[in-house]
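S.K.: I am attaching a structure below and will ask some questions about it afterwards.
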Amino acid sequence: MDIKNDVQQQFGKSAASYVSSTIHKEGKDLQKLLQIVTISGEEELLDIATGGGHTANAFASVVKKVTAVDLTAEMLRAAENFIRGNGYQNVDFIQADAENLPFATEAFEIVTCRIAPHHFPNVNRFVEEAYRVLKANGQFLLDDNVVPEDDDFDLFYNTIEKWRDYSHFRAWRKTEWLRMLESAGFEISEWHRFEKTFHFEPWCNRMNLPQSEKEKLSEYILSASQKVKDKFRIVIENNQVVSFQGEAIVLKALKR
């Protein structure tokens, strides 16, 4: 089964929990996206892999029109219920693949993608598509979990994410994002690093991880090196993993 089927299966099951997820709903990163964008109010915005619809919802009140796309039909329905429930009528919902967007070249002034590219098997293709559908001088707002540059830290974080969620493909390093974006033709105008605290139980439960796998994952984290435990601020109480800290970047890139 390929990764895109995995994504549809995982998020089809978890759609409602992503709408209500605090880390998706209330993250400071979402406010930062709104702060760094330049808006007149006449823009048409594309939100790729909209998930629970939080980014599309946040921008619906400040742009002319939002098109929200997601690979998973259940996710789109959950996002539509959420956004329509907030009274927004200027949002369209379309099932589509981030790596093969069904839109004309230079169709949007703004493209957003938040907490999703780590699921994309061909992330370079996604970046190229985001560039293609943007108008000249358009803004690409990217927000995703990343890994440190150190190989051991990279391996640890991607291992636990893949263990928790088999549809996880890869969280990229900050340098990898800069390279991918600039190679596609973007100029990066602004970027910010965020620390994110993940609470182990809800983090696992959001993906419906079976108890047996949760226990194995906990053991893996408990057995990590002290260097890894320090880096990821792993909190352990009574030999149980309570939380750990990851990181994300929020950036604005311009199509020149």
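Letters A, B, ... go to the chains of the structure tokens in the order shown; residues in each chain start at 1; ligands are counted from 1 in the same order.
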Can you list every residue in region 11-230 of chain A that DSSP puts in strand (DSSP E), as a VMD selection string?
M.R.: chain A and resid 44 to 48 65 to 70 91 to 95 108 to 114 134 to 147 172 to 173 186 to 199
S.K.: Per residue of region 111-177 of chain A within 9 Å of region 191-215 of chain A, record the nearest atom pair and its distance in Å to one decimal, counting only C-alpha atoms, with rows in chain order and ascending residue number, as CSV.
M.R.:
```
residue,atom,partner,partner_atom,distance
A:Asn145,CA,A:Lys196,CA,8.7
A:Trp163,CA,A:Glu213,CA,8.2
A:Arg164,CA,A:Cys204,CA,6.1
A:Asp165,CA,A:Met207,CA,6.3
```
S.K.: Using only C-alpha atoms, find the one residue out of A:Glu161, A:Asp47, A:Asp151, A:Asp92 that sits nearest to Phe108 (chain A).
M.R.: A:Asp47
S.K.: One decimal, in Å: what's the spacing between CA of Pro102 (chain A) and CA of Val62 (chain A)?
M.R.: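 Atom-to-atom, CA of Pro102 (chain A) and CA of Val62 (chain A) are spaced 24.2 Å apart.
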S.K.: Pick out the residues sitting within 12 Å of region 117-120 of chain A, and hand them over as a PyMOL selection string; count only C-alpha atoms, and ignore anything fewer than 5 positions along from it in its own chain.
M.R.: chain A and resi 2-8+10-11+48-51+70-71+97-100+112+125-127+130+142-147+157-158+161-162+165-173+177+248-249
S.K.: Take CA of Leu141 (chain A) and CA of Ile39 (chain A) and report the distance between them in Å, one decimal.
M.R.: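 One can read the CA of Leu141 (chain A) to CA of Ile39 (chain A) distance as 12.5 Å.
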S.K.: Mind giving me the straight-line distance from CA of Gln95 (chain A) to CA of Leu33 (chain A) in Å, one decimal?
M.R.: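 Taking CA of Gln95 (chain A) and CA of Leu33 (chain A), their separation equals 23.5 Å.
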S.K.: So that I can check the surroundings of Lys65 (chain A), please list as a PDB file with C-alpha atoms, in the first residue's frame every protein, DNA and RNA residue that reaches within 7 Å of it, counting only C-alpha atoms and ignoring chain neighbours fewer than 5 positions away.
M.R.:
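Final output, part_31.pdb:
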```pdb
ATOM      1  CA  GLU A  43      -6.555  37.835  -2.766  1.00  0.00           C
ATOM      2  CA  GLU A  44      -7.544  34.322  -3.751  1.00  0.00           C
ATOM      3  CA  LEU A  45      -5.811  31.836  -1.468  1.00  0.00           C
ATOM      4  CA  ALA A  60     -11.362  33.268   5.245  1.00  0.00           C
ATOM      5  CA  ASN A  90     -16.200  32.187   0.644  1.00  0.00           C
ATOM      6  CA  VAL A  91     -14.415  28.817   0.953  1.00  0.00           C
TER       7      VAL A  91
END
```
S.K.: Could you pull the residues within 10 Å of Ser61 (chain A), counting only C-alpha atoms, minus those fewer than 4 positions along the same chain, as a ChimeraX atom specification?
M.R.: /A:41,56-57,65-66,87-90
S.K.: Put those residues in a file: N, CA and C atoms, as an mmCIF file, in the first residue's frame.
M.R.:
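The resulting file, again.cif, is reproduced below:
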```
data_model
loop_
_atom_site.group_PDB
_atom_site.id
_atom_site.type_symbol
_atom_site.label_atom_id
_atom_site.label_comp_id
_atom_site.auth_asym_id
_atom_site.auth_seq_id
_atom_site.Cartn_x
_atom_site.Cartn_y
_atom_site.Cartn_z
ATOM 1 N N GLY A 41 -6.940 42.114 0.888
ATOM 2 C CA GLY A 41 -8.333 41.688 1.032
ATOM 3 C C GLY A 41 -8.935 41.186 -0.262
ATOM 4 N N ALA A 56 -7.451 27.533 6.595
ATOM 5 C CA ALA A 56 -8.466 28.092 5.701
ATOM 6 C C ALA A 56 -9.454 28.948 6.486
ATOM 7 N N ASN A 57 -9.840 28.484 7.648
ATOM 8 C CA ASN A 57 -10.770 29.228 8.500
ATOM 9 C C ASN A 57 -10.168 30.560 8.950
ATOM 10 N N LYS A 65 -11.276 35.011 -1.322
ATOM 11 C CA LYS A 65 -11.744 33.639 -1.497
ATOM 12 C C LYS A 65 -10.657 32.663 -1.079
ATOM 13 N N VAL A 66 -11.080 31.544 -0.472
ATOM 14 C CA VAL A 66 -10.170 30.470 -0.096
ATOM 15 C C VAL A 66 -10.601 29.200 -0.817
ATOM 16 N N GLY A 87 -19.583 30.341 9.832
ATOM 17 C CA GLY A 87 -20.284 31.349 9.035
ATOM 18 C C GLY A 87 -19.606 31.768 7.748
ATOM 19 N N TYR A 88 -18.510 31.120 7.367
ATOM 20 C CA TYR A 88 -17.800 31.530 6.148
ATOM 21 C C TYR A 88 -18.378 30.834 4.925
ATOM 22 N N GLN A 89 -18.709 31.635 3.919
ATOM 23 C CA GLN A 89 -19.253 31.102 2.677
ATOM 24 C C GLN A 89 -18.285 31.271 1.495
ATOM 25 N N ASN A 90 -17.142 31.904 1.743
ATOM 26 C CA ASN A 90 -16.200 32.187 0.644
ATOM 27 C C ASN A 90 -15.090 31.135 0.555
#
```
S.K.: Fewer than 4 positions away in the same chain doesn't count, so skip those; otherwise give me all residues within 8 Å of Pro148 (chain A), counting only C-alpha atoms, as JSON, numbers by chain.
M.R.: {"A": [153, 154, 173, 174]}
S.K.: When you look at Val235 (chain A) with a cut-off of 10 Å (counting only C-alpha atoms), what residues show up, excluding the ones that are within fewer than 6 positions of it in the same chain? I need them as a list in words.
M.R.: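 Contacts, with the query itself left out: His199, Phe200, Leu222, Lys229, Val241, Val242, Ser243, Phe244 and Gln245 of chain A.
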